[in-house]
Each structure stands twice: as structure tokens, then as C-alpha cells.
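Right, one structure below, let's go through it.
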Amino acid sequence: MITLSIRYTIDARKRSDFEQYARVLGTIIPRCGGDLVGYWLPTKFAGPTNQALALINFSSLAAYEQYRDRLAKDDDNLDSIRRAEESGCILIEDRAFLERV
């Protein structure tokens, strides 16, 4: 199994827009073949208020590639990306694959 880690730098003033984006993806990701571990939003209690995280599991790199193909064709995903871009809530996306120890 591999886990896709997506670290987001978000506009902290647009946290609610990012939260909406993450909630919508919560239904899209499983439909397209990803096993969503979850999305995490920053708090004001400690640490940076502009960092968010998503973790998505895949059985293999091939499964991830199939997921990406389905995701790229998913109308709901395309609409969600458009709304996030219009709001400007996502400043940077940093992707990495992780292996569980």
C-alpha cells in the first residue's frame, strides 16, 4: 500500500472555502478509487494557520494512476477545482508518496 500525502498551503482567510472543497472531495475520491484517510484543517490553537493535509491510500502505484485518470474525467471534481481556483483558497499543493512502516 502507498499513501498519497497532499500538503496544502491555504489562504487562512478562506479556510471555509477550503473546508467546502475538502468535504466535496470526501465523496469524489472514493468514487474514483482512492481510500480517503481524511482531510485535516489547521486550528488556531497551535502551529501555522495556513497548512492543511490530505491522506489517500492506494493499493499500488497502478491503482493511483487509474484513480488519477478517473478523477481527471469526473465532472464533480472539475467543478470543485474550478470553485477552489475562483476562491483562491489553495495557494500551494505539495504531493508526496509515503509508505507505512
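Letters A, B, ... mark the chains of the C-alpha cells in the order given; residue numbers begin at 1 per chain; ligand numbers begin at 1, in order shown.
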Please identify all polymer residues within 7 Å of range 81-87 of chain A, counting only C-alpha atoms, omitting same-chain residues fewer than 4 positions from it, and present them as an NGL selection string.
:A and (17 or 21 or 77)
Mind checking DSSP for chain A and telling me the strand (DSSP E or B) residues as a ChimeraX atom specification?
/A:2-10,35-40,51-58,90-98
For the residues selected in the previous step, produce a file with C-alpha atoms as a PDB file, in the first residue's frame.
```pdb
ATOM      1  CA  ILE A   2       1.070   3.569  -0.680  1.00  0.00           C
ATOM      2  CA  THR A   3      -0.342   6.761   0.764  1.00  0.00           C
ATOM      3  CA  LEU A   4      -0.585   9.996  -1.132  1.00  0.00           C
ATOM      4  CA  SER A   5       0.092  12.926   1.170  1.00  0.00           C
ATOM      5  CA  ILE A   6      -1.066  16.311  -0.082  1.00  0.00           C
ATOM      6  CA  ARG A   7       0.149  19.256   1.967  1.00  0.00           C
ATOM      7  CA  TYR A   8      -1.746  22.407   1.164  1.00  0.00           C
ATOM      8  CA  THR A   9      -0.772  25.966   1.849  1.00  0.00           C
ATOM      9  CA  ILE A  10      -4.091  27.761   2.038  1.00  0.00           C
ATOM     10  CA  ASP A  35      -9.279   5.213   0.003  1.00  0.00           C
ATOM     11  CA  LEU A  36      -9.557   8.583   1.719  1.00  0.00           C
ATOM     12  CA  VAL A  37      -7.954   8.557   5.149  1.00  0.00           C
ATOM     13  CA  GLY A  38      -9.049  12.170   5.639  1.00  0.00           C
ATOM     14  CA  TYR A  39      -8.539  15.879   5.302  1.00  0.00           C
ATOM     15  CA  TRP A  40      -7.193  17.957   8.173  1.00  0.00           C
ATOM     16  CA  GLN A  51      -1.411  24.458   6.426  1.00  0.00           C
ATOM     17  CA  ALA A  52      -3.881  21.665   5.604  1.00  0.00           C
ATOM     18  CA  LEU A  53      -3.328  17.981   4.887  1.00  0.00           C
ATOM     19  CA  ALA A  54      -4.984  15.156   2.962  1.00  0.00           C
ATOM     20  CA  LEU A  55      -4.037  11.463   3.075  1.00  0.00           C
ATOM     21  CA  ILE A  56      -5.306   8.976   0.496  1.00  0.00           C
ATOM     22  CA  ASN A  57      -4.380   5.268   0.402  1.00  0.00           C
ATOM     23  CA  PHE A  58      -3.899   3.191  -2.747  1.00  0.00           C
ATOM     24  CA  ILE A  90      -5.387  26.973  -2.254  1.00  0.00           C
ATOM     25  CA  LEU A  91      -2.029  28.653  -2.701  1.00  0.00           C
ATOM     26  CA  ILE A  92       0.256  25.595  -2.986  1.00  0.00           C
ATOM     27  CA  GLU A  93      -0.229  21.823  -3.238  1.00  0.00           C
ATOM     28  CA  ASP A  94       2.743  19.655  -2.314  1.00  0.00           C
ATOM     29  CA  ARG A  95       2.317  15.937  -3.093  1.00  0.00           C
ATOM     30  CA  ALA A  96       4.401  13.032  -1.844  1.00  0.00           C
ATOM     31  CA  PHE A  97       4.002   9.275  -1.600  1.00  0.00           C
ATOM     32  CA  LEU A  98       4.520   7.639   1.773  1.00  0.00           C
TER      33      LEU A  98
END
```
Would you pick out the contacts of Glu19 in chain A at 9 Å or less, using only C-alpha atoms, so that residues sharing its chain but fewer than 5 positions from it are not included, and give the list as a list in words?
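My reading of the contact set: Lys14, Val24, Tyr39 and Leu41 of chain A.
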If we count only C-alpha atoms and set the cut-off at 9 Å, which residues sit around Arg15 in chain A, ignoring sequence neighbours fewer than 6 positions away in its own chain? Please answer as a list in words.
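Counting only C-alpha atoms, the residues come to Leu41, Pro42, Asn50 and Cys89 of chain A.
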Selected residue, from A:Gln66, A:Lys73, A:Thr43, A:Ser80, that lies nearest to Arg23 in chain A when counting only C-alpha atoms:
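Of A:Gln66, A:Lys73, A:Thr43, A:Ser80, the one nearest Arg23 in chain A is A:Ser80, counting only C-alpha atoms.
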